[in-house]
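Asker: Pasting model.cif here (mmCIF, C-alpha atoms and all ligand atoms):
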```cif
data_start
#
loop_
_atom_site.group_PDB
_atom_site.id
_atom_site.type_symbol
_atom_site.label_atom_id
_atom_site.label_comp_id
_atom_site.auth_asym_id
_atom_site.auth_seq_id
_atom_site.Cartn_x
_atom_site.Cartn_y
_atom_site.Cartn_z
ATOM 1 C CA MET A 244 -61.357 -28.856 -32.396
ATOM 2 C CA VAL A 245 -60.627 -26.934 -35.574
ATOM 3 C CA THR A 246 -60.318 -23.157 -35.187
ATOM 4 C CA VAL A 247 -61.947 -20.886 -37.758
ATOM 5 C CA ILE A 248 -60.252 -17.551 -38.439
ATOM 6 C CA GLU A 249 -61.880 -14.987 -40.702
ATOM 7 C CA SER A 250 -59.816 -11.866 -40.084
ATOM 8 C CA ILE A 251 -56.434 -11.371 -41.741
ATOM 9 C CA SER A 252 -54.959 -9.682 -38.657
ATOM 10 C CA GLU A 253 -56.083 -12.565 -36.409
ATOM 11 C CA MET A 254 -54.526 -15.056 -38.821
ATOM 12 C CA ARG A 255 -51.253 -13.106 -38.707
ATOM 13 C CA GLU A 256 -51.289 -13.035 -34.906
ATOM 14 C CA PHE A 257 -51.906 -16.798 -34.746
ATOM 15 C CA ILE A 258 -49.005 -17.463 -37.136
ATOM 16 C CA LYS A 259 -46.736 -15.138 -35.152
ATOM 17 C CA GLN A 260 -47.305 -17.237 -32.029
ATOM 18 C CA VAL A 261 -46.776 -20.478 -33.943
ATOM 19 C CA LYS A 262 -43.489 -19.212 -35.399
ATOM 20 C CA LEU A 263 -42.275 -18.114 -31.952
ATOM 21 C CA GLN A 264 -42.606 -21.778 -30.968
ATOM 22 C CA ASN A 265 -40.554 -22.827 -33.997
ATOM 23 C CA LYS A 266 -43.417 -24.889 -35.362
ATOM 24 C CA ARG A 267 -43.544 -25.891 -39.034
ATOM 25 C CA VAL A 268 -46.619 -24.618 -40.834
ATOM 26 C CA GLY A 269 -48.223 -26.668 -43.624
ATOM 27 C CA PHE A 270 -50.738 -24.834 -45.792
ATOM 28 C CA VAL A 271 -53.519 -26.125 -48.067
ATOM 29 C CA PRO A 272 -55.290 -23.425 -50.084
ATOM 30 C CA THR A 273 -58.737 -24.448 -51.392
ATOM 31 C CA MET A 274 -61.948 -22.971 -52.717
ATOM 32 C CA GLY A 275 -64.041 -25.265 -50.517
ATOM 33 C CA ALA A 276 -66.679 -27.780 -51.678
ATOM 34 C CA LEU A 277 -64.163 -30.203 -50.250
ATOM 35 C CA HIS A 278 -63.761 -33.771 -51.464
ATOM 36 C CA GLU A 279 -61.297 -36.586 -50.930
ATOM 37 C CA GLY A 280 -58.719 -34.823 -53.172
ATOM 38 C CA HIS A 281 -58.570 -31.810 -50.852
ATOM 39 C CA LEU A 282 -58.555 -34.045 -47.780
ATOM 40 C CA THR A 283 -55.587 -35.997 -49.123
ATOM 41 C CA LEU A 284 -53.635 -32.732 -49.374
ATOM 42 C CA MET A 285 -54.581 -31.941 -45.784
ATOM 43 C CA ARG A 286 -53.511 -35.351 -44.515
ATOM 44 C CA GLU A 287 -50.243 -35.072 -46.411
ATOM 45 C CA ALA A 288 -49.699 -31.636 -44.828
ATOM 46 C CA GLN A 289 -50.543 -33.058 -41.422
ATOM 47 C CA SER A 290 -47.950 -35.819 -41.743
ATOM 48 C CA VAL A 291 -45.040 -33.385 -42.224
ATOM 49 C CA SER A 292 -46.126 -30.236 -40.339
ATOM 50 C CA ASP A 293 -46.703 -29.194 -36.726
ATOM 51 C CA ILE A 294 -49.611 -26.925 -37.626
ATOM 52 C CA VAL A 295 -51.913 -27.279 -40.644
ATOM 53 C CA VAL A 296 -53.753 -24.275 -42.001
ATOM 54 C CA ALA A 297 -56.324 -24.758 -44.776
ATOM 55 C CA SER A 298 -57.899 -21.794 -46.477
ATOM 56 C CA ILE A 299 -61.375 -21.789 -47.960
ATOM 57 C CA PHE A 300 -61.748 -18.856 -50.319
ATOM 58 C CA VAL A 301 -63.610 -18.794 -53.616
ATOM 59 C CA ASN A 302 -61.255 -16.367 -55.306
ATOM 60 C CA PRO A 303 -63.120 -14.016 -57.655
ATOM 61 C CA THR A 304 -59.984 -12.880 -59.523
ATOM 62 C CA GLN A 305 -59.291 -16.314 -61.010
ATOM 63 C CA PHE A 306 -62.732 -16.643 -62.625
ATOM 64 C CA GLY A 307 -63.400 -15.190 -66.075
ATOM 65 C CA PRO A 308 -66.465 -12.989 -66.651
ATOM 66 C CA ASN A 309 -68.446 -15.890 -68.138
ATOM 67 C CA GLU A 310 -67.283 -18.509 -65.652
ATOM 68 C CA ASP A 311 -69.024 -20.045 -62.667
ATOM 69 C CA TYR A 312 -67.940 -17.761 -59.757
ATOM 70 C CA ASP A 313 -71.500 -17.181 -58.520
ATOM 71 C CA ALA A 314 -72.594 -20.773 -59.089
ATOM 72 C CA TYR A 315 -69.425 -22.341 -57.615
ATOM 73 C CA PRO A 316 -70.543 -24.827 -54.932
ATOM 74 C CA ARG A 317 -70.250 -23.522 -51.378
ATOM 75 C CA THR A 318 -70.665 -26.187 -48.679
ATOM 76 C CA TRP A 319 -69.305 -24.490 -45.561
ATOM 77 C CA GLN A 320 -70.769 -26.749 -42.833
ATOM 78 C CA GLU A 321 -69.634 -29.968 -44.519
ATOM 79 C CA ASP A 322 -66.243 -28.428 -45.239
ATOM 80 C CA ILE A 323 -65.587 -27.572 -41.611
ATOM 81 C CA THR A 324 -66.431 -31.113 -40.484
ATOM 82 C CA ALA A 325 -64.206 -32.554 -43.211
ATOM 83 C CA CYS A 326 -61.283 -30.295 -42.213
ATOM 84 C CA GLN A 327 -61.633 -31.381 -38.627
ATOM 85 C CA ARG A 328 -61.527 -35.059 -39.635
ATOM 86 C CA ALA A 329 -58.462 -34.475 -41.837
ATOM 87 C CA GLY A 330 -56.480 -33.044 -38.916
ATOM 88 C CA VAL A 331 -56.560 -29.373 -39.925
ATOM 89 C CA ASP A 332 -55.773 -27.015 -37.024
ATOM 90 C CA VAL A 333 -56.996 -23.751 -38.510
ATOM 91 C CA VAL A 334 -59.419 -22.992 -41.313
ATOM 92 C CA PHE A 335 -58.718 -19.535 -42.709
ATOM 93 C CA ARG A 336 -61.817 -18.107 -44.352
ATOM 94 C CA PRO A 337 -61.121 -14.530 -45.382
ATOM 95 C CA ARG A 338 -63.840 -12.281 -46.777
ATOM 96 C CA VAL A 339 -63.656 -11.057 -50.363
ATOM 97 C CA VAL A 340 -63.795 -7.393 -49.238
ATOM 98 C CA ASP A 341 -60.825 -7.941 -46.932
ATOM 99 C CA MET A 342 -58.740 -9.703 -49.600
ATOM 100 C CA TYR A 343 -59.663 -7.182 -52.302
ATOM 101 C CA PRO A 344 -60.541 -3.932 -50.516
ATOM 102 C CA GLU A 345 -61.550 -0.749 -52.266
ATOM 103 C CA GLY A 346 -58.542 0.618 -54.152
ATOM 104 C CA TRP A 347 -56.749 -2.726 -54.376
ATOM 105 C CA GLY A 348 -54.735 -3.137 -57.613
ATOM 106 C CA THR A 349 -51.544 -5.221 -57.582
ATOM 107 C CA TRP A 350 -51.113 -8.391 -59.610
ATOM 108 C CA ILE A 351 -48.605 -11.233 -59.834
ATOM 109 C CA SER A 352 -48.144 -12.256 -63.434
ATOM 110 C CA VAL A 353 -46.102 -15.381 -64.184
ATOM 111 C CA GLU A 354 -44.919 -15.503 -67.794
ATOM 112 C CA GLN A 355 -44.454 -18.268 -70.410
ATOM 113 C CA VAL A 356 -45.812 -21.304 -68.530
ATOM 114 C CA THR A 357 -49.168 -19.506 -68.218
ATOM 115 C CA GLU A 358 -49.499 -18.976 -71.962
ATOM 116 C CA LYS A 359 -50.441 -22.558 -72.917
ATOM 117 C CA LEU A 360 -52.998 -25.201 -71.850
ATOM 118 C CA CYS A 361 -55.626 -23.570 -69.578
ATOM 119 C CA GLY A 362 -53.968 -20.170 -70.033
ATOM 120 C CA GLN A 363 -55.192 -20.131 -73.644
ATOM 121 C CA THR A 364 -58.876 -20.493 -72.864
ATOM 122 C CA ARG A 365 -58.909 -18.889 -69.417
ATOM 123 C CA PRO A 366 -57.093 -15.569 -69.883
ATOM 124 C CA GLY A 367 -56.297 -13.977 -66.533
ATOM 125 C CA HIS A 368 -56.937 -17.208 -64.618
ATOM 126 C CA PHE A 369 -53.336 -17.827 -63.560
ATOM 127 C CA ARG A 370 -52.807 -14.159 -62.788
ATOM 128 C CA GLY A 371 -55.687 -14.462 -60.326
ATOM 129 C CA VAL A 372 -54.293 -17.706 -58.897
ATOM 130 C CA ALA A 373 -50.723 -16.392 -58.537
ATOM 131 C CA THR A 374 -51.992 -13.188 -56.927
ATOM 132 C CA VAL A 375 -54.258 -14.839 -54.373
ATOM 133 C CA VAL A 376 -51.684 -17.512 -53.512
ATOM 134 C CA THR A 377 -49.052 -14.797 -52.969
ATOM 135 C CA LYS A 378 -51.441 -12.916 -50.693
ATOM 136 C CA LEU A 379 -52.264 -16.107 -48.774
ATOM 137 C CA PHE A 380 -48.554 -17.005 -48.476
ATOM 138 C CA ASN A 381 -47.854 -13.508 -47.099
ATOM 139 C CA ILE A 382 -50.559 -13.949 -44.477
ATOM 140 C CA VAL A 383 -50.002 -17.608 -43.509
ATOM 141 C CA GLN A 384 -46.204 -17.755 -44.068
ATOM 142 C CA PRO A 385 -46.161 -21.522 -44.570
ATOM 143 C CA ASP A 386 -43.026 -23.648 -44.641
ATOM 144 C CA LYS A 387 -44.698 -25.995 -47.105
ATOM 145 C CA ALA A 388 -47.776 -25.523 -49.271
ATOM 146 C CA PHE A 389 -49.652 -28.466 -50.776
ATOM 147 C CA PHE A 390 -51.259 -28.486 -54.221
ATOM 148 C CA GLY A 391 -52.829 -31.251 -56.319
ATOM 149 C CA GLN A 392 -51.408 -32.655 -59.538
ATOM 150 C CA LYS A 393 -55.038 -32.432 -60.714
ATOM 151 C CA ASP A 394 -54.135 -28.825 -61.551
ATOM 152 C CA ALA A 395 -50.646 -29.647 -62.832
ATOM 153 C CA GLN A 396 -50.182 -26.372 -64.700
ATOM 154 C CA GLN A 397 -51.074 -24.492 -61.515
ATOM 155 C CA VAL A 398 -48.298 -26.366 -59.698
ATOM 156 C CA VAL A 399 -45.824 -25.471 -62.458
ATOM 157 C CA VAL A 400 -46.878 -21.804 -62.340
ATOM 158 C CA LEU A 401 -46.598 -21.610 -58.552
ATOM 159 C CA MET A 402 -43.227 -23.381 -58.473
ATOM 160 C CA LYS A 403 -41.930 -20.847 -60.987
ATOM 161 C CA MET A 404 -43.412 -17.960 -59.026
ATOM 162 C CA VAL A 405 -41.817 -19.141 -55.783
ATOM 163 C CA ARG A 406 -38.453 -19.556 -57.505
ATOM 164 C CA ASP A 407 -38.589 -16.289 -59.444
ATOM 165 C CA LEU A 408 -39.683 -14.207 -56.445
ATOM 166 C CA ASN A 409 -37.482 -15.984 -53.855
ATOM 167 C CA MET A 410 -40.464 -16.927 -51.730
ATOM 168 C CA ASN A 411 -39.518 -18.895 -48.650
ATOM 169 C CA VAL A 412 -41.938 -21.786 -49.108
ATOM 170 C CA GLU A 413 -41.726 -25.276 -50.574
ATOM 171 C CA ILE A 414 -44.443 -26.278 -53.035
ATOM 172 C CA VAL A 415 -45.418 -29.940 -52.611
ATOM 173 C CA MET A 416 -47.364 -31.675 -55.384
ATOM 174 C CA VAL A 417 -49.806 -34.415 -54.331
ATOM 175 C CA PRO A 418 -51.038 -37.097 -56.815
ATOM 176 C CA ILE A 419 -54.534 -36.975 -58.328
ATOM 177 C CA VAL A 420 -57.282 -38.575 -56.243
ATOM 178 C CA ARG A 421 -59.952 -40.349 -58.318
ATOM 179 C CA ASP A 422 -63.349 -41.904 -57.826
ATOM 180 C CA GLU A 423 -63.300 -45.706 -57.940
ATOM 181 C CA ASP A 424 -64.223 -45.704 -61.622
ATOM 182 C CA GLY A 425 -61.363 -43.350 -62.483
ATOM 183 C CA LEU A 426 -63.021 -39.920 -62.709
ATOM 184 C CA ALA A 427 -60.704 -37.342 -61.126
ATOM 185 C CA LYS A 428 -62.396 -35.827 -58.080
ATOM 186 C CA SER A 429 -63.467 -32.248 -58.635
ATOM 187 C CA SER A 430 -65.829 -29.814 -56.959
ATOM 188 C CA ARG A 431 -67.286 -29.258 -60.438
ATOM 189 C CA ASN A 432 -68.278 -32.943 -60.875
ATOM 190 C CA THR A 433 -71.508 -32.077 -59.059
ATOM 191 C CA TYR A 434 -72.582 -30.104 -62.152
ATOM 192 C CA LEU A 435 -72.574 -33.272 -64.326
ATOM 193 C CA THR A 436 -75.752 -35.123 -65.276
ATOM 194 C CA ALA A 437 -75.648 -38.925 -64.894
ATOM 195 C CA ASP A 438 -75.026 -39.348 -68.643
ATOM 196 C CA GLN A 439 -72.274 -36.734 -68.678
ATOM 197 C CA ARG A 440 -70.610 -38.322 -65.679
ATOM 198 C CA THR A 441 -70.532 -41.703 -67.448
ATOM 199 C CA ALA A 442 -69.224 -40.043 -70.619
ATOM 200 C CA ALA A 443 -66.506 -38.254 -68.604
ATOM 201 C CA LEU A 444 -64.879 -41.611 -67.814
ATOM 202 C CA VAL A 445 -63.391 -41.332 -71.298
ATOM 203 C CA LEU A 446 -60.821 -38.917 -69.832
ATOM 204 C CA SER A 447 -59.163 -41.256 -67.346
ATOM 205 C CA CYS A 448 -59.528 -44.170 -69.810
ATOM 206 C CA SER A 449 -57.707 -42.249 -72.535
ATOM 207 C CA LEU A 450 -54.938 -41.176 -70.176
ATOM 208 C CA ALA A 451 -54.487 -44.777 -69.030
ATOM 209 C CA PHE A 452 -54.407 -45.871 -72.671
ATOM 210 C CA ALA A 453 -51.649 -43.330 -73.390
ATOM 211 C CA GLN A 454 -49.676 -44.688 -70.464
ATOM 212 C CA GLN A 455 -50.102 -48.165 -71.892
ATOM 213 C CA LEU A 456 -48.765 -46.972 -75.251
ATOM 214 C CA VAL A 457 -45.664 -45.503 -73.593
ATOM 215 C CA ARG A 458 -45.127 -48.710 -71.618
ATOM 216 C CA GLN A 459 -45.265 -50.623 -74.891
ATOM 217 C CA GLY A 460 -42.494 -48.417 -76.254
ATOM 218 C CA GLN A 461 -44.407 -45.713 -78.108
ATOM 219 C CA ARG A 462 -42.451 -42.431 -77.915
ATOM 220 C CA ASP A 463 -44.017 -40.319 -80.664
ATOM 221 C CA VAL A 464 -45.827 -37.369 -79.060
ATOM 222 C CA ASP A 465 -47.992 -36.623 -82.124
ATOM 223 C CA PHE A 466 -49.096 -40.249 -82.334
ATOM 224 C CA ILE A 467 -50.036 -40.420 -78.644
ATOM 225 C CA ARG A 468 -51.829 -37.057 -78.780
ATOM 226 C CA ASN A 469 -53.829 -38.144 -81.835
ATOM 227 C CA GLU A 470 -54.820 -41.422 -80.218
ATOM 228 C CA VAL A 471 -56.081 -39.639 -77.106
ATOM 229 C CA GLN A 472 -57.834 -36.950 -79.124
ATOM 230 C CA GLY A 473 -59.515 -39.650 -81.232
ATOM 231 C CA LYS A 474 -60.696 -41.605 -78.198
ATOM 232 C CA ILE A 475 -62.150 -38.560 -76.444
ATOM 233 C CA GLY A 476 -63.553 -37.167 -79.700
ATOM 234 C CA ALA A 477 -65.434 -40.435 -80.263
ATOM 235 C CA GLU A 478 -67.494 -39.759 -77.120
ATOM 236 C CA PRO A 479 -70.606 -37.874 -78.343
ATOM 237 C CA LEU A 480 -71.070 -35.847 -75.128
ATOM 238 C CA ALA A 481 -67.423 -34.719 -75.041
ATOM 239 C CA ASN A 482 -66.306 -31.420 -76.514
ATOM 240 C CA VAL A 483 -62.487 -31.338 -76.573
ATOM 241 C CA GLU A 484 -60.833 -28.031 -75.655
ATOM 242 C CA TYR A 485 -57.278 -29.326 -75.734
ATOM 243 C CA VAL A 486 -55.184 -32.479 -75.631
ATOM 244 C CA GLU A 487 -51.547 -31.482 -75.177
ATOM 245 C CA ILE A 488 -48.209 -33.008 -74.267
ATOM 246 C CA TYR A 489 -45.354 -30.938 -72.823
ATOM 247 C CA SER A 490 -42.180 -31.633 -70.910
ATOM 248 C CA PHE A 491 -42.760 -31.600 -67.172
ATOM 249 C CA PRO A 492 -42.273 -29.374 -65.238
ATOM 250 C CA GLU A 493 -40.835 -27.013 -67.867
ATOM 251 C CA LEU A 494 -43.905 -27.133 -70.154
ATOM 252 C CA GLN A 495 -41.721 -26.988 -73.259
ATOM 253 C CA GLU A 496 -42.804 -28.505 -76.565
ATOM 254 C CA VAL A 497 -41.506 -32.023 -77.154
ATOM 255 C CA ARG A 498 -41.616 -34.399 -80.111
ATOM 256 C CA THR A 499 -40.779 -37.563 -78.265
ATOM 257 C CA VAL A 500 -41.480 -38.882 -74.808
ATOM 258 C CA SER A 501 -38.225 -38.815 -72.903
ATOM 259 C CA GLY A 502 -37.933 -38.170 -69.184
ATOM 260 C CA LYS A 503 -41.196 -36.846 -67.754
ATOM 261 C CA VAL A 504 -43.923 -35.397 -69.960
ATOM 262 C CA LEU A 505 -47.340 -34.072 -69.002
ATOM 263 C CA LEU A 506 -50.312 -35.263 -71.018
ATOM 264 C CA ALA A 507 -53.085 -32.814 -70.118
ATOM 265 C CA VAL A 508 -56.673 -32.608 -71.343
ATOM 266 C CA ALA A 509 -59.518 -30.131 -70.966
ATOM 267 C CA VAL A 510 -62.925 -31.296 -72.159
ATOM 268 C CA LYS A 511 -66.401 -29.862 -71.845
ATOM 269 C CA PHE A 512 -69.428 -31.999 -71.051
ATOM 270 C CA GLY A 513 -72.352 -29.659 -71.623
ATOM 271 C CA ALA A 514 -71.405 -26.453 -69.800
ATOM 272 C CA THR A 515 -69.074 -28.278 -67.401
ATOM 273 C CA ARG A 516 -65.382 -28.054 -68.177
ATOM 274 C CA LEU A 517 -63.264 -30.866 -66.742
ATOM 275 C CA ILE A 518 -59.486 -31.185 -66.720
ATOM 276 C CA ASP A 519 -57.366 -34.247 -66.154
ATOM 277 C CA ASN A 520 -53.764 -35.260 -66.738
ATOM 278 C CA ILE A 521 -51.098 -37.890 -66.349
ATOM 279 C CA ILE A 522 -47.336 -37.645 -66.106
ATOM 280 C CA LEU A 523 -45.838 -40.114 -68.562
ATOM 281 C CA GLU A 524 -42.310 -41.296 -68.034
ATOM 282 C CA ALA A 525 -40.223 -43.163 -70.546
ATOM 283 C CA LYS A 526 -38.054 -45.697 -68.785
ATOM 284 C CA GLU A 527 -35.456 -46.415 -71.496
HETATM 285 P P1 LIG B 601 -59.688 -26.099 -55.541
HETATM 286 O O1 LIG B 601 -60.533 -26.043 -54.321
HETATM 287 O O2 LIG B 601 -60.353 -26.714 -56.718
HETATM 288 O O3 LIG B 601 -58.996 -24.793 -55.836
HETATM 289 O O4 LIG B 601 -58.515 -27.112 -55.202
HETATM 290 C C1 LIG B 601 -57.687 -26.910 -54.077
HETATM 291 C C2 LIG B 601 -56.515 -27.830 -54.176
HETATM 292 O O5 LIG B 601 -56.968 -29.184 -54.205
HETATM 293 C C3 LIG B 601 -55.685 -27.606 -55.440
HETATM 294 O O6 LIG B 601 -54.318 -27.707 -55.107
HETATM 295 C C4 LIG B 601 -56.125 -28.741 -56.321
HETATM 296 O O7 LIG B 601 -55.150 -29.129 -57.260
HETATM 297 C C5 LIG B 601 -56.360 -29.837 -55.299
HETATM 298 N N1 LIG B 601 -57.212 -30.871 -55.854
HETATM 299 C C6 LIG B 601 -58.431 -30.709 -56.427
HETATM 300 N N2 LIG B 601 -58.901 -31.887 -56.889
HETATM 301 C C7 LIG B 601 -57.957 -32.821 -56.615
HETATM 302 C C8 LIG B 601 -57.842 -34.210 -56.838
HETATM 303 N N3 LIG B 601 -58.790 -34.904 -57.455
HETATM 304 N N4 LIG B 601 -56.719 -34.832 -56.424
HETATM 305 C C9 LIG B 601 -55.728 -34.134 -55.812
HETATM 306 N N5 LIG B 601 -55.775 -32.821 -55.551
HETATM 307 C C10 LIG B 601 -56.872 -32.163 -55.947
#
```
Can you present the structure in this file as structure tokens?
Ligand code: AMP

Answerer:
Amino acid sequence: MVTVIESISEMREFIKQVKLQNKRVGFVPTMGALHEGHLTLMREAQSVSDIVVASIFVNPTQFGPNEDYDAYPRTWQEDITACQRAGVDVVFRPRVVDMYPEGWGTWISVEQVTEKLCGQTRPGHFRGVATVVTKLFNIVQPDKAFFGQKDAQQVVVLMKMVRDLNMNVEIVMVPIVRDEDGLAKSSRNTYLTADQRTAALVLSCSLAFAQQLVRQGQRDVDFIRNEVQGKIGAEPLANVEYVEIYSFPELQEVRTVSGKVLLAVAVKFGATRLIDNIILEAKE
């Protein structure tokens, strides 16, 4: 039976006991509205940890003023059942007032890698993510924490944060989980109309096309970016925010595909903003 802990002090006490028994703690932070992507992280955590803690916390500090904090889907009952099935031991569900009490005012700000991609259009987003993840790490003290490649820039930011601040936790990146037709699973997919959902398949198709180009020997970053931009731009319901290629995990500008590069896209379908990505690797 999965245990639900809401208080920070109770969570700390639980972890203290677990650590006394020398057990390895795997941690999966989420905002709930769980889908197969989240559950894959949990199963991965379960396979290499003695105790799995998943947090469900819709973090207000990572949403911009005009973003969907209030509307973000909250599906607590389904989430608890899903966690149980995925082998989670403890669901940590802190309250906003406990995480951000009156007078709270300390931020974690990761530089450089937060300035591009989603950092451009979502100012303050990664500051909110880095801050809440630091707070959660301090409370849960995991040995390993599991994050999805779906949010590849987030993984890069958190890896840098952990390295820069000497945090004693290993960040594990788990591949993107997709629907059968290729759409990357996301809690925000529920916002899409049927037409938008069909149109959104252009994302995974374009990424697969880019991979095909690289496999055929194409190495020119501008060429690949233009091809992807053209394909997505040709979809009438798609409104491209960015199509970018950077070295991975450094997120430096590159002109040619060599080693690993991240091709990342952010595209709006109506009011719904979707992101997707692929890591391209040139095998010389
Ligand atoms: P969220 O609840 O959206 O904050 O996501 C919690 C974690 O699940 C993050 O590490 C995400 O990257 C990860 N995640 C979300 N969608 C997917 C997916 N389709 N495949 C793999 N991981 C995912």

Asker: Distance table requested - chain A against ligand LIG 601 (chain B), cut-off 9 Å, only C-alpha atoms and all ligand atoms: one row per qualifying residue with the closest atom pair and its distance in Å to one decimal, ordered by chain and rising residue number, as CSV.

Answerer:
```
residue,atom,partner,partner_atom,distance
A:Val271,CA,B:LIG601,C2,7.0
A:Pro272,CA,B:LIG601,C1,5.8
A:Thr273,CA,B:LIG601,O1,3.8
A:Met274,CA,B:LIG601,O1,3.7
A:Gly275,CA,B:LIG601,O1,5.2
A:Ala276,CA,B:LIG601,O1,6.9
A:Leu277,CA,B:LIG601,O1,6.9
A:His278,CA,B:LIG601,N2,7.5
A:Glu279,CA,B:LIG601,N3,7.2
A:Gly280,CA,B:LIG601,N4,3.8
A:His281,CA,B:LIG601,O5,4.6
A:Leu282,CA,B:LIG601,O5,8.2
A:Thr283,CA,B:LIG601,C9,6.9
A:Leu284,CA,B:LIG601,N5,6.5
A:Ile299,CA,B:LIG601,O1,7.7
A:Phe300,CA,B:LIG601,O1,8.3
A:Val301,CA,B:LIG601,O3,7.9
A:Asn302,CA,B:LIG601,O3,8.7
A:Phe389,CA,B:LIG601,O6,6.4
A:Phe390,CA,B:LIG601,O6,3.3
A:Gly391,CA,B:LIG601,O7,3.3
A:Gln392,CA,B:LIG601,O7,5.6
A:Lys393,CA,B:LIG601,O7,4.8
A:Asp394,CA,B:LIG601,O7,4.4
A:Ala395,CA,B:LIG601,O7,7.2
A:Gln397,CA,B:LIG601,O7,7.5
A:Val398,CA,B:LIG601,O6,7.7
A:Met416,CA,B:LIG601,O6,8.0
A:Val417,CA,B:LIG601,C9,6.1
A:Pro418,CA,B:LIG601,C9,5.6
A:Ile419,CA,B:LIG601,N4,3.6
A:Val420,CA,B:LIG601,N4,3.8
A:Arg421,CA,B:LIG601,N3,5.6
A:Asp422,CA,B:LIG601,N3,8.4
A:Leu426,CA,B:LIG601,N3,8.4
A:Ala427,CA,B:LIG601,N3,4.8
A:Lys428,CA,B:LIG601,N3,3.8
A:Ser429,CA,B:LIG601,N2,4.9
A:Ser430,CA,B:LIG601,O2,6.3
A:Arg431,CA,B:LIG601,O2,8.3
A:Asp519,CA,B:LIG601,N3,8.8
```

Asker: Applied to this file, what does the PyMOL selection byres (((chain A and resi 494-501) around 12) and not hetatm) return in terms of residues, put as a ChimeraX atom specification?

Answerer: /A:354-360,395-400,403,453-454,456-458,460-468,487-493,502-507,522-527

Asker: Please list, as number ranges by chain, the residues that have an atom at most 7 Å away from (-59.4, -19.2, -60.2) in the coordinates of this file, counting only C-alpha atoms.

Answerer: A: 302-306, 368, 371-372

Asker: Work out how far CA of Met410 in chain A is from CA of Lys378 in chain A, in Å to one decimal.

Answerer: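 A separation of 11.7 Å between them.
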
Asker: As a list in words, please: the residues near range 327-337 of chain A (cut-off 8 Å, only C-alpha atoms, same-chain neighbours under 5 positions excluded).

Answerer: Met244, Val245, Thr246, Val247, Ile248, Glu249, Ser250, Ile251, Met254, Leu282, Thr283, Met285, Arg286, Gln289, Ile294, Val295, Val296, Ala297, Ser298, Ile299, Phe300 and Met342 of chain A

Asker: Return the single residue from A:Asp386, A:Asp438, A:Glu321, A:Glu310 that is closest to Val261 in chain A, with distances computed using only C-alpha atoms.

Answerer: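 Between A:Asp386, A:Asp438, A:Glu321, A:Glu310, the residue approaching Val261 in chain A most closely is A:Asp386.
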
Asker: On this structure, which residues satisfy the PyMOL selection byres (((chain A and resi 370) around 7) and not hetatm), written as a list in words?

Answerer: Trp350, Ile351, Ser352, Val353, Gly367, His368, Phe369, Gly371, Val372, Ala373 and Thr374 of chain A

Asker: I'd like the interatomic distance between CA of Met402 in chain A and CA of Gln455 in chain A, to a tenth of an Å.

Answerer: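 Interatomic distance here is 29.0 Å.
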
Asker: Show which residues sit within 10 Å of Tyr485 in chain A, as number ranges by chain. Count only C-alpha atoms, and ignore same-chain residues fewer than 3 positions away.

Answerer: A: 360-361, 363-364, 468, 472, 482, 488, 507-511, 518

Asker: Between A:Gln260, A:Thr349, A:Gln459, A:Thr515, single out the one closest to Val483 in chain A, counting all atoms listed in the file.

Answerer: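 The shortest atom-to-atom distance to Val483 in chain A comes from A:Thr515.
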
Asker: Determine the axis-aligned bounding box of all atoms of range 338-344 of chain A present in the file, pad each side by 4 Å, and express its centre and edge lengths in Å to one decimal place as JSON.

Answerer:
```
{"center_x": -61.3, "center_y": -8.1, "center_z": -49.5, "size_x": 13.1, "size_y": 16.3, "size_z": 13.5}
```

Asker: Please write the residues picked by the PyMOL selection byres (((chain A and resi 383) around 8) and not hetatm) on this file as a PyMOL selection string.

Answerer: chain A and resi 254-255+258+270+296+379-382+384-385

Asker: Pick the closest to Thr318 in chain A from A:Cys448, A:Thr433, A:Val376, A:Glu423: which is it, counting all atoms listed in the file?

Answerer: A:Thr433

Asker: Just to confirm, what's the straight-line distance from CA of Leu480 in chain A to CA of Ala443 in chain A in Å (one decimal)?

Answerer: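 Atom-to-atom, CA of Leu480 in chain A to CA of Ala443 in chain A, that is 8.3 Å.
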